Amino acid sequence: MFAVPQAVKIISVTKLNRFAKQVLESEIGQVWVSGEISNFTRATSGHWYFTLKDDKAQVRTAMFRGANQGVSFTPKHGDKVVVKANISLYEARGDYQLIAVAMEPEGEGLLKQAFEALKLKLQNEGLFAHETKQTLPAHITKIGIVTSQTGAAVHDILHVLGRRNPSIEVIIYPSMVQGDGAAASIAKQIERANIRNEVDVLIVGRGGGSLEDLWPFNEEIVARAIYASHLVVVSAVGHEVDVTIADFVADIRAATPSAAAELLSTDKHVLEKNLSEQKRSLVRALNDMLAQKEQQRMSLQQRLQAQHPVKKFNQNSQQFDYLYARLLQQHPAKTIKEKLESLHYLHQRLQAQHPQLRLLAHKQTLTRSHQRLTQALTKQINNAKQQQSSQAKNISFLSPVNDIKRAKQASQKRLLDLSSTMKAYVLSKEQHLGKTAALLDTVSPLATLSRGYSMTLSENILLRSVRDVQKNQIITSQLADGEIVSTVNSVLKTASPASQRN
């Protein structure tokens, strides 16, 4: 026996296992583990219990029903898998174990593990940050596509763009989209598009496929090429349920390649409506500007008339006459003479500043102002007409009138060809019918009757010999213009030509 020191704290097995469980769960946490399944058991509760092992070690694993319902396959003994699990401890037995929350076949599971690792790395570096995302240009006229030149994705994109807005130009940067070297090919074409800088926006993507097929879009080289792009990048990889690293880094994610084309194109009918509205706005603005210029011209004309030199000259002349009259009435001759001299001096000064000269100068200034105003208005009107002509050309380009006209001409031509063919066919049939009728008429019994012959029938049966007739039998003789119904009184047989010769 040994004595237990009094200072030592003694704990129970339950507390020990509970403490060990807390340490395992808090210090190690969630891990990805690959291994081979053995001793697989499906409990009646729906939980899975199995051992995960490799060639040197093993660990007990539990996967509860809520987690294993998301597994796309049913594991069995010998399967190699990758599980995402939390480390824990089963307190009742003191066994440490894994609590699996996800499971994939080993190949696909390793890819998902690599996906999560790269996603976390790039996220920590800020490649997914919202503030680094670029917005779409207001007007998109040229789109670049980084994808396989022969894949379904490029055909889907071109089909949608052709239907919605055929005026958008498309440049394809062909690249591999799966297999070895695909990631480097995609990154190279993204860099090439940025160097050439000839498109407004860049679509990077491909059609649907397995995780392995889509893996090039989960490569770090592609993610960094997208992040470094100064062109706006729209990712369009696989289907809506497929999520890649490229989707997180791209400025905008589209669910499918067709959805990307829908996002980047404006329907041509909407463009036509916008052009019509812009045309109306331009006409209103031009009319408003012309009205404003007209008001300015009238205001300047009124000001010019109010300050016209002739009007001022007339006022000065009236003042002169008034002063001269007062001078004659109020002053003696000497004063008049002095005043006359002063008046003469003033008159000379007035002549030096004659209104005609000032009027001519003002008139020249007014003429130059009028010319500049006319030139400015003419230039603005011509610019407006050019803009209106350009808008009209765009509208004419998008209008379906020419297509309808060509279709109508083709339809009329086909109608004329069909009419000619039908007339020739009917004429041929009429000629054939005439020949047939003439041929039938030559062998018709009616033609024989018309030459004086008759046919005798009994009960609608043609009589060919007197042996077919009996006395008192009713017979019908058919002539060309009618019938004669008779009763046989007697039957006479004629001798045959052979007996007559004998």
# chains A, B, ... in the order shown; residues from 1 in each chain; ligands from 1
$ residues_around --residues "segment 151-163 of chain A" --least-positions-apart "6" --cutoff "7 Å" --atoms "only C-alpha atoms" --output "count of residues only"
7
$ closest_atom_pairs --of "segment 202-284 of chain A" --to "segment 186-196 of chain A" --cutoff "9 Å" --atoms "only C-alpha atoms" --output "tab-separated table"
residue	atom	partner	partner_atom	distance
A:Leu202	CA	A:Ala193	CA	8.0
A:Val204	CA	A:Ile190	CA	8.1
A:Pro216	CA	A:Ile186	CA	8.1
A:Phe217	CA	A:Ile186	CA	8.4
A:Ile221	CA	A:Ala187	CA	6.4
A:Val222	CA	A:Ala187	CA	5.0
A:Ala223	CA	A:Ala187	CA	8.2
A:Arg224	CA	A:Ala187	CA	8.2
A:Ala225	CA	A:Ala187	CA	5.5
A:Ile226	CA	A:Ile190	CA	7.1
A:Ala228	CA	A:Glu191	CA	8.5
A:Ser229	CA	A:Asn194	CA	6.4
A:His230	CA	A:Asn194	CA	6.7
A:Leu231	CA	A:Asn194	CA	6.4
$ write_last_selection --atoms "all heavy atoms" --output "short mmCIF file (atom, residue, chain, number, x, y, z; two decimals), in the first residue's frame"
data_model
loop_
_atom_site.label_atom_id
_atom_site.label_comp_id
_atom_site.auth_asym_id
_atom_site.auth_seq_id
_atom_site.Cartn_x
_atom_site.Cartn_y
_atom_site.Cartn_z
N LEU A 202 -14.99 39.93 -70.19
CA LEU A 202 -14.44 38.61 -70.50
C LEU A 202 -15.24 37.52 -69.79
O LEU A 202 -15.42 37.58 -68.57
CB LEU A 202 -12.97 38.55 -70.07
CG LEU A 202 -12.09 37.42 -70.62
CD1 LEU A 202 -12.00 37.53 -72.14
CD2 LEU A 202 -10.71 37.50 -70.00
N VAL A 204 -15.26 33.65 -68.72
CA VAL A 204 -14.36 32.51 -68.53
C VAL A 204 -15.21 31.33 -68.04
O VAL A 204 -15.84 31.42 -66.98
CB VAL A 204 -13.26 32.82 -67.49
CG1 VAL A 204 -12.37 31.61 -67.28
CG2 VAL A 204 -12.44 34.01 -67.94
N PRO A 216 -9.78 22.31 -63.52
CA PRO A 216 -8.89 23.40 -63.94
C PRO A 216 -9.34 24.77 -63.44
O PRO A 216 -8.52 25.65 -63.21
CB PRO A 216 -8.93 23.32 -65.47
CG PRO A 216 -9.20 21.88 -65.75
CD PRO A 216 -10.13 21.43 -64.66
N PHE A 217 -10.64 24.95 -63.23
CA PHE A 217 -11.15 26.24 -62.75
C PHE A 217 -11.01 26.36 -61.23
O PHE A 217 -11.40 27.37 -60.64
CB PHE A 217 -12.62 26.41 -63.16
CG PHE A 217 -12.78 26.50 -64.65
CD1 PHE A 217 -12.99 25.36 -65.42
CD2 PHE A 217 -12.71 27.72 -65.31
CE1 PHE A 217 -13.14 25.43 -66.79
CE2 PHE A 217 -12.86 27.81 -66.68
CZ PHE A 217 -13.07 26.67 -67.41
N ILE A 221 -3.47 28.93 -60.36
CA ILE A 221 -2.97 29.75 -61.46
C ILE A 221 -4.11 30.47 -62.18
O ILE A 221 -3.99 31.63 -62.60
CB ILE A 221 -2.16 28.87 -62.45
CG1 ILE A 221 -1.51 29.75 -63.52
CG2 ILE A 221 -3.04 27.79 -63.09
CD1 ILE A 221 -0.60 28.96 -64.45
N VAL A 222 -5.26 29.81 -62.29
CA VAL A 222 -6.42 30.43 -62.92
C VAL A 222 -6.99 31.51 -62.00
O VAL A 222 -7.35 32.62 -62.45
CB VAL A 222 -7.50 29.38 -63.25
CG1 VAL A 222 -8.79 30.03 -63.75
CG2 VAL A 222 -6.98 28.39 -64.28
N ALA A 223 -7.08 31.23 -60.71
CA ALA A 223 -7.61 32.21 -59.76
C ALA A 223 -6.77 33.49 -59.78
O ALA A 223 -7.31 34.61 -59.79
CB ALA A 223 -7.63 31.61 -58.36
N ARG A 224 -5.46 33.36 -59.80
CA ARG A 224 -4.61 34.56 -59.77
C ARG A 224 -4.66 35.31 -61.10
O ARG A 224 -4.54 36.54 -61.13
CB ARG A 224 -3.18 34.17 -59.42
CG ARG A 224 -3.08 33.58 -58.00
CD ARG A 224 -1.68 33.60 -57.46
NE ARG A 224 -1.63 33.01 -56.12
CZ ARG A 224 -1.92 33.68 -55.01
NH1 ARG A 224 -2.28 34.96 -55.08
NH2 ARG A 224 -1.85 33.08 -53.83
N ALA A 225 -4.83 34.60 -62.21
CA ALA A 225 -4.97 35.28 -63.51
C ALA A 225 -6.26 36.09 -63.55
O ALA A 225 -6.29 37.22 -64.07
CB ALA A 225 -4.95 34.25 -64.64
N ILE A 226 -7.34 35.55 -63.00
CA ILE A 226 -8.61 36.28 -62.95
C ILE A 226 -8.47 37.51 -62.05
O ILE A 226 -8.93 38.62 -62.38
CB ILE A 226 -9.75 35.37 -62.46
CG1 ILE A 226 -10.03 34.27 -63.49
CG2 ILE A 226 -11.01 36.16 -62.19
CD1 ILE A 226 -11.03 33.24 -63.02
N ALA A 228 -5.83 39.21 -61.37
CA ALA A 228 -4.94 40.21 -61.96
C ALA A 228 -5.54 40.90 -63.19
O ALA A 228 -4.98 41.88 -63.67
CB ALA A 228 -3.61 39.56 -62.35
N SER A 229 -6.67 40.42 -63.67
CA SER A 229 -7.26 40.95 -64.90
C SER A 229 -7.82 42.35 -64.66
O SER A 229 -8.57 42.59 -63.71
CB SER A 229 -8.37 40.02 -65.39
OG SER A 229 -9.07 40.61 -66.47
N HIS A 230 -7.45 43.29 -65.56
CA HIS A 230 -8.08 44.61 -65.49
C HIS A 230 -9.39 44.62 -66.26
O HIS A 230 -10.19 45.56 -66.12
CB HIS A 230 -7.13 45.69 -66.04
CG HIS A 230 -6.88 45.58 -67.52
ND1 HIS A 230 -5.78 44.93 -68.04
CD2 HIS A 230 -7.59 46.02 -68.59
CE1 HIS A 230 -5.82 44.99 -69.37
NE2 HIS A 230 -6.91 45.64 -69.73
N LEU A 231 -9.62 43.59 -67.10
CA LEU A 231 -10.93 43.44 -67.74
C LEU A 231 -11.91 42.83 -66.73
O LEU A 231 -11.52 42.02 -65.89
CB LEU A 231 -10.82 42.51 -68.95
CG LEU A 231 -9.96 42.99 -70.13
CD1 LEU A 231 -9.83 41.88 -71.16
CD2 LEU A 231 -10.57 44.23 -70.77
#
$ residues_around --residues "segment 133-147 of chain A" --least-positions-apart "4" --cutoff "6 Å" --atoms "only C-alpha atoms" --output "ChimeraX atom specification"
/A:168-175,199-206,251
$ residues_around --residues "segment 10-15 of chain A" --least-positions-apart "3" --cutoff "9 Å" --atoms "only C-alpha atoms" --output "JSON, numbers by chain"
{"A": [18, 19, 20, 91, 92, 94]}
$ residues_around --residues "segment 27-37 of chain A" --least-positions-apart "6" --cutoff "8 Å" --atoms "only C-alpha atoms" --output "list in words"
Phe50, Thr51, Leu52, Lys53, Asp54, Pro75, Lys76, His77, Gly78, Asp79, Lys80, Val81, Val82, Val83, Lys84, Ala85, Asn86, Ile87, Glu106 and Gln113 of chain A
$ write_last_selection --atoms "all heavy atoms" --output "compact mmCIF listing (two decimals), in the first residue's frame"
# COMPACT_ATOMS: atom_id res chain seq x y z
N PHE A 50 -18.04 2.47 -38.25
CA PHE A 50 -17.05 1.72 -39.01
C PHE A 50 -15.65 2.08 -38.49
O PHE A 50 -15.48 3.01 -37.68
CB PHE A 50 -17.15 2.02 -40.51
CG PHE A 50 -17.09 3.48 -40.85
CD1 PHE A 50 -15.87 4.10 -41.15
CD2 PHE A 50 -18.24 4.25 -40.88
CE1 PHE A 50 -15.81 5.43 -41.47
CE2 PHE A 50 -18.19 5.60 -41.20
CZ PHE A 50 -16.97 6.19 -41.50
N THR A 51 -14.68 1.33 -38.98
CA THR A 51 -13.28 1.59 -38.64
C THR A 51 -12.58 2.13 -39.88
O THR A 51 -12.76 1.61 -40.98
CB THR A 51 -12.58 0.31 -38.18
OG1 THR A 51 -13.24 -0.19 -37.01
CG2 THR A 51 -11.11 0.59 -37.84
N LEU A 52 -11.83 3.20 -39.70
CA LEU A 52 -11.07 3.80 -40.78
C LEU A 52 -9.60 3.42 -40.55
O LEU A 52 -9.05 3.70 -39.48
CB LEU A 52 -11.24 5.32 -40.79
CG LEU A 52 -10.90 6.06 -42.07
CD1 LEU A 52 -11.79 5.60 -43.21
CD2 LEU A 52 -11.07 7.56 -41.86
N LYS A 53 -8.96 2.79 -41.53
CA LYS A 53 -7.62 2.27 -41.28
C LYS A 53 -6.73 2.48 -42.50
O LYS A 53 -7.19 2.74 -43.61
CB LYS A 53 -7.68 0.79 -40.95
CG LYS A 53 -8.15 -0.09 -42.11
CD LYS A 53 -8.12 -1.57 -41.75
CE LYS A 53 -8.49 -2.43 -42.96
NZ LYS A 53 -8.39 -3.86 -42.66
N ASP A 54 -5.42 2.38 -42.24
CA ASP A 54 -4.44 2.28 -43.31
C ASP A 54 -3.54 1.10 -42.98
O ASP A 54 -3.90 0.25 -42.14
CB ASP A 54 -3.66 3.59 -43.49
CG ASP A 54 -2.96 4.04 -42.21
OD1 ASP A 54 -2.75 3.21 -41.32
OD2 ASP A 54 -2.62 5.24 -42.11
N PRO A 75 -21.30 3.37 -48.54
CA PRO A 75 -19.97 2.78 -48.36
C PRO A 75 -20.08 1.30 -48.00
O PRO A 75 -21.08 0.83 -47.47
CB PRO A 75 -19.37 3.61 -47.22
CG PRO A 75 -20.55 4.13 -46.46
CD PRO A 75 -21.64 4.33 -47.46
N LYS A 76 -18.99 0.60 -48.26
CA LYS A 76 -18.93 -0.82 -47.93
C LYS A 76 -17.51 -1.18 -47.53
O LYS A 76 -16.58 -0.37 -47.68
CB LYS A 76 -19.40 -1.67 -49.11
CG LYS A 76 -18.57 -1.53 -50.36
CD LYS A 76 -19.15 -2.37 -51.49
CE LYS A 76 -18.31 -2.28 -52.75
NZ LYS A 76 -18.22 -0.92 -53.26
N HIS A 77 -17.36 -2.36 -47.01
CA HIS A 77 -16.05 -2.82 -46.55
C HIS A 77 -15.03 -2.78 -47.69
O HIS A 77 -15.29 -3.25 -48.79
CB HIS A 77 -16.16 -4.25 -46.00
CG HIS A 77 -14.85 -4.81 -45.50
ND1 HIS A 77 -14.34 -4.45 -44.28
CD2 HIS A 77 -13.97 -5.67 -46.07
CE1 HIS A 77 -13.17 -5.09 -44.11
NE2 HIS A 77 -12.93 -5.84 -45.20
N GLY A 78 -13.89 -2.16 -47.43
CA GLY A 78 -12.82 -2.10 -48.42
C GLY A 78 -12.80 -0.81 -49.22
O GLY A 78 -11.84 -0.57 -49.96
N ASP A 79 -13.87 0.02 -49.11
CA ASP A 79 -13.87 1.29 -49.85
C ASP A 79 -12.82 2.23 -49.28
O ASP A 79 -12.66 2.36 -48.07
CB ASP A 79 -15.25 1.96 -49.75
CG ASP A 79 -16.27 1.29 -50.62
OD1 ASP A 79 -15.88 0.42 -51.43
OD2 ASP A 79 -17.46 1.63 -50.51
N LYS A 80 -12.10 2.91 -50.18
CA LYS A 80 -11.17 3.94 -49.77
C LYS A 80 -11.87 5.29 -49.88
O LYS A 80 -12.38 5.65 -50.95
CB LYS A 80 -9.93 3.92 -50.65
CG LYS A 80 -9.07 2.68 -50.42
CD LYS A 80 -7.77 2.73 -51.22
CE LYS A 80 -6.89 1.52 -50.92
NZ LYS A 80 -5.61 1.57 -51.65
N VAL A 81 -11.90 6.00 -48.77
CA VAL A 81 -12.68 7.23 -48.69
C VAL A 81 -11.85 8.33 -48.03
O VAL A 81 -10.80 8.09 -47.44
CB VAL A 81 -13.98 7.02 -47.90
CG1 VAL A 81 -14.89 6.02 -48.59
CG2 VAL A 81 -13.68 6.59 -46.47
N VAL A 82 -12.38 9.55 -48.14
CA VAL A 82 -11.87 10.70 -47.39
C VAL A 82 -13.04 11.25 -46.58
O VAL A 82 -14.12 11.50 -47.13
CB VAL A 82 -11.32 11.79 -48.33
CG1 VAL A 82 -10.93 13.03 -47.53
CG2 VAL A 82 -10.11 11.27 -49.09
N VAL A 83 -12.84 11.40 -45.28
CA VAL A 83 -13.91 11.89 -44.42
C VAL A 83 -13.49 13.21 -43.79
O VAL A 83 -12.31 13.43 -43.49
CB VAL A 83 -14.29 10.87 -43.32
CG1 VAL A 83 -14.81 9.60 -43.92
CG2 VAL A 83 -13.10 10.60 -42.41
N LYS A 84 -14.47 14.07 -43.64
CA LYS A 84 -14.29 15.31 -42.88
C LYS A 84 -14.90 15.04 -41.51
O LYS A 84 -16.09 14.73 -41.42
CB LYS A 84 -14.99 16.46 -43.60
CG LYS A 84 -14.84 17.80 -42.94
CD LYS A 84 -15.60 18.86 -43.77
CE LYS A 84 -15.45 20.22 -43.16
NZ LYS A 84 -16.22 21.25 -43.94
N ALA A 85 -14.09 15.14 -40.45
CA ALA A 85 -14.57 14.67 -39.14
C ALA A 85 -14.04 15.54 -38.01
O ALA A 85 -13.02 16.24 -38.14
CB ALA A 85 -14.14 13.22 -38.92
N ASN A 86 -14.76 15.48 -36.91
CA ASN A 86 -14.33 16.10 -35.67
C ASN A 86 -13.77 15.00 -34.74
O ASN A 86 -14.37 13.93 -34.62
CB ASN A 86 -15.50 16.81 -34.98
CG ASN A 86 -16.05 17.96 -35.81
OD1 ASN A 86 -15.30 18.84 -36.21
ND2 ASN A 86 -17.35 17.93 -36.06
N ILE A 87 -12.65 15.28 -34.11
CA ILE A 87 -12.06 14.31 -33.16
C ILE A 87 -12.81 14.42 -31.83
O ILE A 87 -13.04 15.51 -31.31
CB ILE A 87 -10.56 14.58 -32.96
CG1 ILE A 87 -9.82 14.39 -34.29
CG2 ILE A 87 -9.99 13.66 -31.91
CD1 ILE A 87 -8.34 14.62 -34.20
N GLU A 106 -12.25 8.39 -52.28
CA GLU A 106 -10.93 8.95 -52.01
C GLU A 106 -10.49 9.97 -53.05
O GLU A 106 -10.02 11.05 -52.71
CB GLU A 106 -9.88 7.83 -51.91
CG GLU A 106 -8.51 8.35 -51.49
CD GLU A 106 -7.53 7.23 -51.25
OE1 GLU A 106 -7.05 6.66 -52.25
OE2 GLU A 106 -7.29 6.91 -50.08
N GLN A 113 -10.90 18.31 -50.56
CA GLN A 113 -10.02 18.76 -49.50
C GLN A 113 -9.07 19.84 -50.04
O GLN A 113 -8.83 20.87 -49.39
CB GLN A 113 -9.22 17.57 -48.96
CG GLN A 113 -8.32 17.93 -47.78
CD GLN A 113 -7.57 16.70 -47.26
OE1 GLN A 113 -7.74 15.61 -47.77
NE2 GLN A 113 -6.77 16.91 -46.24
